[in-house]
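Chemist: I'd like to ask you about the structure that follows.
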Amino acid sequence: MAVVFQKPKSLTDDILTYCPGCTHGIIHRLVAEAIDDLGVQDKTIGVAPVGCAVFAYNFFAVDMMQAAHGRAPAVATGIKRVHPDNVVFTYQGDGDLASIGMAEIMHAAGRGEKITTIFVNNAIYGMTGGQMAPTTLIGQVTTTSPYGRKEELCGKPIRMSELLAQMDGSTYVARVSVHDPKHVLDAKKAIRKAFETQLSGAGFSMVELLSTCPTNWGMTPSESLKWVASDMIPYYPLGVYKDSAKGAA
């Protein structure tokens with residue numbers, strides 16, 4: 001009998017520790033499937049900093065390195081320069097990448113480091129208690145913005161894909177979502193494209209994935225998926241923001 005669906009080889013058998021309805025699990029699978037499809041499991045090295053994915057080394061069946069909060073791009077840079085033939089990726093949340101790690105990701109993209117970043121944007125700090133993040137939407141309630149984020153106090157949310165696409169060293173930058181099956185398939189294509197960009201020897205690549213956080217959003221899993229579509233996507237439009245072979249979007 002032909003096998004039409006199975007667990008990716010690049011995922012371990014450990015049970016995922018994410019909250020019910022969190023889409024980190026979907027994103028983990030998509031990353032693992034891309035690694036399997038490209039046949040690079042034995043030469044892939046992942047880097048995860050502090051955040052909800054801090055235990056990613058338990059879930060990915062590849063070599064993994066732990067980094068300090070926000071420092072994954074710096075650690076990945078060192079790994080890739082020492083092991084240029086390996087596939088190196090970072091797995092980062094929005095609080096990590098766009099706040100404490102802003103300098104690291106900007107300079108990694110600016111230098112054109114040949115690494116791939118998987119950027120999970122759920123518009124909030126997840127693991128540390130649901131605080132406002134640089135990506136939190138205007139009016140969004142968090143533990144540190146109980147009356148909603150106010151533009152006059154905190155400015156507008158940062159659009160990281162648009163920002164990094166402007167860096168000369170970035171080669172492929174895309175924003176996708178995993179709130180329904182169609183978009184999950186689109187996300188898989190983008191992740192594979194990002195890894196292919198690295199394998200081709202080109203510069204920095206990043207895929208931003210709009211994700212859910214039902215626990216800290218105070219929503220049910222189904223409500224959170226609808227909120228991604230109704231509230232997040234209008235502010236964070238999906239699409240390819242840079243593909244050096246085609247030019248910037």
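Each chain in the structure tokens gets a letter, A, B and so on, in the order shown; residues start at 1 in every chain, and ligands are counted from 1 in the order they appear.
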Neighbouring residues of region 82-98 of chain A were defined as those with any atom within 8 Å, considering only C-alpha atoms; residues of the same chain fewer than 5 positions away were excluded. Please report them as a PyMOL selection string.
Modeler: chain A and resi 40+43-53+69-70+72-73+76+105+115-125+133-135+158+160+195+198-199
Chemist: Deliver the residues from the most recent selection as a file, using N, CA and C atoms, as a compact mmCIF listing (two decimals), in the first residue's frame.
Modeler:
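File selection-v2.txt, as written:
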```
# COMPACT_ATOMS: atom_id res chain seq x y z
N VAL A 40 18.21 16.97 3.11
CA VAL A 40 19.34 17.60 3.79
C VAL A 40 19.30 17.38 5.31
N LYS A 43 22.61 17.18 7.22
CA LYS A 43 23.53 18.32 7.24
C LYS A 43 22.84 19.63 7.64
N THR A 44 21.69 19.50 8.31
CA THR A 44 20.95 20.68 8.75
C THR A 44 21.24 20.97 10.22
N ILE A 45 21.44 22.26 10.52
CA ILE A 45 21.66 22.71 11.89
C ILE A 45 20.67 23.83 12.18
N GLY A 46 19.87 23.66 13.22
CA GLY A 46 18.90 24.68 13.60
C GLY A 46 19.34 25.43 14.85
N VAL A 47 18.90 26.68 14.97
CA VAL A 47 19.22 27.50 16.14
C VAL A 47 17.93 28.11 16.66
N ALA A 48 17.65 27.88 17.94
CA ALA A 48 16.45 28.44 18.57
C ALA A 48 16.87 29.23 19.79
N PRO A 49 16.38 30.46 19.95
CA PRO A 49 16.69 31.26 21.13
C PRO A 49 15.62 31.06 22.20
N VAL A 50 15.48 32.04 23.09
CA VAL A 50 14.46 31.98 24.13
C VAL A 50 13.10 32.31 23.52
N GLY A 51 12.06 31.65 23.99
CA GLY A 51 10.71 31.87 23.49
C GLY A 51 9.94 30.57 23.54
N CYS A 52 8.76 30.55 22.94
CA CYS A 52 7.94 29.35 22.98
C CYS A 52 8.64 28.15 22.36
N ALA A 53 9.51 28.40 21.38
CA ALA A 53 10.21 27.31 20.70
C ALA A 53 11.56 27.00 21.32
N HIS A 69 18.56 34.95 24.23
CA HIS A 69 17.39 35.63 23.70
C HIS A 69 17.77 36.64 22.62
N GLY A 70 17.25 36.43 21.40
CA GLY A 70 17.49 37.35 20.29
C GLY A 70 18.77 37.13 19.52
N ALA A 72 19.97 34.36 17.99
CA ALA A 72 20.03 33.24 17.06
C ALA A 72 20.73 33.59 15.74
N PRO A 73 20.46 34.76 15.11
CA PRO A 73 21.15 35.07 13.86
C PRO A 73 22.67 35.16 14.02
N ALA A 76 23.86 31.57 14.39
CA ALA A 76 23.75 30.91 13.09
C ALA A 76 24.83 31.39 12.13
N ILE A 105 19.21 40.45 13.59
CA ILE A 105 18.58 40.06 12.32
C ILE A 105 18.85 41.09 11.23
N ILE A 115 22.04 32.16 5.61
CA ILE A 115 21.23 31.40 6.56
C ILE A 115 19.76 31.64 6.24
N THR A 116 18.90 30.80 6.82
CA THR A 116 17.46 30.93 6.63
C THR A 116 16.80 31.17 7.98
N THR A 117 15.93 32.15 8.06
CA THR A 117 15.21 32.45 9.30
C THR A 117 13.74 32.10 9.14
N ILE A 118 13.24 31.30 10.07
CA ILE A 118 11.82 31.00 10.18
C ILE A 118 11.29 31.90 11.29
N PHE A 119 10.49 32.90 10.89
CA PHE A 119 10.03 33.95 11.80
C PHE A 119 8.55 33.77 12.10
N VAL A 120 8.23 33.41 13.33
CA VAL A 120 6.85 33.15 13.74
C VAL A 120 6.27 34.40 14.40
N ASN A 121 5.33 35.03 13.72
CA ASN A 121 4.73 36.27 14.19
C ASN A 121 3.32 36.01 14.71
N ASN A 122 3.18 36.03 16.05
CA ASN A 122 1.84 35.91 16.62
C ASN A 122 1.45 37.19 17.37
N ALA A 123 2.17 38.27 17.10
CA ALA A 123 1.80 39.61 17.57
C ALA A 123 1.80 39.77 19.08
N ILE A 124 2.59 38.93 19.76
CA ILE A 124 2.60 39.01 21.23
C ILE A 124 3.80 38.22 21.76
N TYR A 125 4.23 38.53 22.96
CA TYR A 125 5.21 37.67 23.64
C TYR A 125 4.44 36.47 24.19
N ALA A 133 4.37 43.10 22.06
CA ALA A 133 5.56 42.91 21.26
C ALA A 133 5.65 44.02 20.21
N PRO A 134 6.78 44.15 19.51
CA PRO A 134 6.87 45.15 18.45
C PRO A 134 5.84 44.94 17.34
N THR A 135 5.30 43.73 17.26
CA THR A 135 4.33 43.39 16.21
C THR A 135 2.88 43.43 16.69
N ILE A 158 5.76 46.95 13.82
CA ILE A 158 6.85 46.86 12.84
C ILE A 158 6.57 45.74 11.85
N MET A 160 8.27 43.40 9.66
CA MET A 160 9.64 42.93 9.49
C MET A 160 9.95 42.47 8.07
N PHE A 195 14.88 27.62 1.85
CA PHE A 195 15.98 26.66 1.98
C PHE A 195 16.70 26.47 0.64
N GLN A 198 19.16 29.20 0.14
CA GLN A 198 20.41 28.95 0.85
C GLN A 198 21.27 27.90 0.16
N LEU A 199 20.65 26.83 -0.30
CA LEU A 199 21.38 25.77 -0.98
C LEU A 199 22.02 26.25 -2.28
```
Chemist: Can you check which residues of region 17-247 of chain A DSSP gives as strand (DSSP E) on the backbone and send them as JSON, numbers by chain?
Modeler: {"A": [44, 45, 46, 47, 48, 63, 64, 65, 66, 87, 88, 89, 90, 91, 92, 93, 116, 117, 118, 119, 120, 121, 170, 171, 172, 173, 174, 175, 176, 177, 204, 205, 206, 207, 208, 209, 210, 239, 240, 241, 242, 243, 247]}
Chemist: DSSP on the backbone, helix (DSSP H, G or I) only: what residues of region 31-238 of chain A does that give? Format it as a ChimeraX atom specification.
Modeler: /A:31-38,41-43,56-58,72-82,94-100,102-111,151-154,160-165,181-199,214-217,221-235
Chemist: With distances taken over only C-alpha atoms, which of A:Thr212, A:Gln6, A:Thr220, A:Ser145 is nearest to His24 (chain A)?
Modeler: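 With only C-alpha atoms as the atom set, the closest residue is A:Thr212.
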Chemist: When distances are computed from only C-alpha atoms, which of A:Arg71, A:Lys156, A:Lys80, A:Lys189 shows the smallest separation from Ala103 (chain A)?
Modeler: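 Smallest separation from Ala103 (chain A) among the options: A:Arg71.
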Chemist: For a quick check of understanding, using only C-alpha atoms, which of A:Arg159, A:Arg111, A:His183, A:His28 has the smallest distance to Pro234 (chain A)?
Modeler: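 For Pro234 (chain A), the nearest of the candidates is A:Arg159.
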Chemist: Got a sec: who's within 12 Å of region 146-149 of chain A, counting only C-alpha atoms, leaving out chain neighbours fewer than 3 positions off, as a PDB file with C-alpha atoms, in the first residue's frame?
Modeler:
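As written to disk, around-v2.pdb reads:
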```pdb
ATOM      1  CA  ALA A 123       1.797  39.613  17.568  1.00  0.00           C
ATOM      2  CA  ILE A 124       2.601  39.009  21.229  1.00  0.00           C
ATOM      3  CA  GLY A 130       1.617  37.758  26.898  1.00  0.00           C
ATOM      4  CA  GLN A 131       3.285  41.166  26.909  1.00  0.00           C
ATOM      5  CA  MET A 132       3.060  43.638  24.026  1.00  0.00           C
ATOM      6  CA  ALA A 133       5.563  42.906  21.258  1.00  0.00           C
ATOM      7  CA  PRO A 134       6.867  45.150  18.447  1.00  0.00           C
ATOM      8  CA  THR A 135       4.329  43.389  16.215  1.00  0.00           C
ATOM      9  CA  THR A 136       1.296  43.818  18.507  1.00  0.00           C
ATOM     10  CA  LEU A 137      -1.546  45.468  16.580  1.00  0.00           C
ATOM     11  CA  ILE A 138      -3.029  48.864  17.419  1.00  0.00           C
ATOM     12  CA  GLY A 139      -5.785  48.346  19.984  1.00  0.00           C
ATOM     13  CA  GLN A 140      -4.649  44.818  20.823  1.00  0.00           C
ATOM     14  CA  VAL A 141      -4.915  44.014  24.531  1.00  0.00           C
ATOM     15  CA  THR A 142      -1.895  42.414  26.208  1.00  0.00           C
ATOM     16  CA  THR A 143      -0.666  42.158  29.796  1.00  0.00           C
ATOM     17  CA  GLU A 152       0.640  57.751  20.164  1.00  0.00           C
ATOM     18  CA  LEU A 153       2.516  55.927  22.929  1.00  0.00           C
ATOM     19  CA  CYS A 154       4.066  52.934  21.182  1.00  0.00           C
ATOM     20  CA  GLY A 155       4.073  53.752  17.484  1.00  0.00           C
ATOM     21  CA  LYS A 156       2.813  51.390  14.831  1.00  0.00           C
ATOM     22  CA  PRO A 157       3.634  47.670  14.710  1.00  0.00           C
ATOM     23  CA  TRP A 217      -5.023  36.334  22.982  1.00  0.00           C
TER      24      TRP A 217
END
```
Chemist: Extract, using only C-alpha atoms, all DNA, RNA and protein residues at most 10 Å from Leu210 (chain A), discarding same-chain residues fewer than 6 positions from it, and format them as a list of chain:residue names.
Modeler: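 In the requested format, the answer is A:Thr23, A:Asp94, A:Phe119, A:Val120, A:Asn121, A:Asn122, A:Ala123, A:Arg175, A:Val176, A:Ser177, A:Val178, A:His179, A:Ala187, A:Leu225, A:Val228, A:Ala229, A:Met232, A:Ile233, A:Tyr236, A:Pro237, A:Leu238.
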Chemist: Go ahead and write the residues just picked, C-alpha atoms, as an mmCIF file, in the first residue's frame.
Modeler:
```cif
data_model
loop_
_atom_site.group_PDB
_atom_site.id
_atom_site.type_symbol
_atom_site.label_atom_id
_atom_site.label_comp_id
_atom_site.auth_asym_id
_atom_site.auth_seq_id
_atom_site.Cartn_x
_atom_site.Cartn_y
_atom_site.Cartn_z
ATOM 1 C CA THR A 23 0.196 26.803 15.231
ATOM 2 C CA ASP A 94 8.349 38.126 17.036
ATOM 3 C CA PHE A 119 10.035 33.952 11.802
ATOM 4 C CA VAL A 120 6.854 33.145 13.738
ATOM 5 C CA ASN A 121 4.734 36.273 14.189
ATOM 6 C CA ASN A 122 1.845 35.911 16.624
ATOM 7 C CA ALA A 123 1.797 39.613 17.568
ATOM 8 C CA ARG A 175 5.188 36.484 4.493
ATOM 9 C CA VAL A 176 2.718 33.608 4.708
ATOM 10 C CA SER A 177 0.084 32.327 7.125
ATOM 11 C CA VAL A 178 -1.041 28.981 8.517
ATOM 12 C CA HIS A 179 -4.632 29.801 9.443
ATOM 13 C CA ALA A 187 3.621 28.406 3.563
ATOM 14 C CA LEU A 225 -7.574 31.347 13.349
ATOM 15 C CA VAL A 228 -5.410 35.998 11.895
ATOM 16 C CA ALA A 229 -7.515 36.387 8.748
ATOM 17 C CA MET A 232 -3.524 40.317 11.187
ATOM 18 C CA ILE A 233 -3.463 39.848 7.420
ATOM 19 C CA TYR A 236 0.569 42.237 7.513
ATOM 20 C CA PRO A 237 -0.203 41.518 3.831
ATOM 21 C CA LEU A 238 0.900 38.127 2.563
#
```
Chemist: Do you have the CA of Pro221 (chain A)-CA of Pro20 (chain A) distance handy?
Modeler: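 Taking CA of Pro221 (chain A) as the start and CA of Pro20 (chain A) as the end point, the length is 7.1 Å.
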Chemist: For CA of Gly203 (chain A) and CA of Val173 (chain A), quote the distance in Å rounded to one decimal.
Modeler: 10.8 Å
Chemist: Between A:Thr12, A:Ser211, A:Thr17, A:Ser224, single out the one closest to Val184 (chain A), counting only C-alpha atoms.
Modeler: A:Ser211
Chemist: Using only C-alpha atoms, which residue out of A:Leu38, A:Ala56, A:Ala108, A:Val62 lies closest to Ala74 (chain A)?
Modeler: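 With only C-alpha atoms as the atom set, the closest residue is A:Ala108.
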Chemist: Here is a test: counting only C-alpha atoms, which residue of A:Asp36, A:Asp14, A:Asp42, A:Arg81 is nearest to Tyr57 (chain A)?
Modeler: A:Asp14
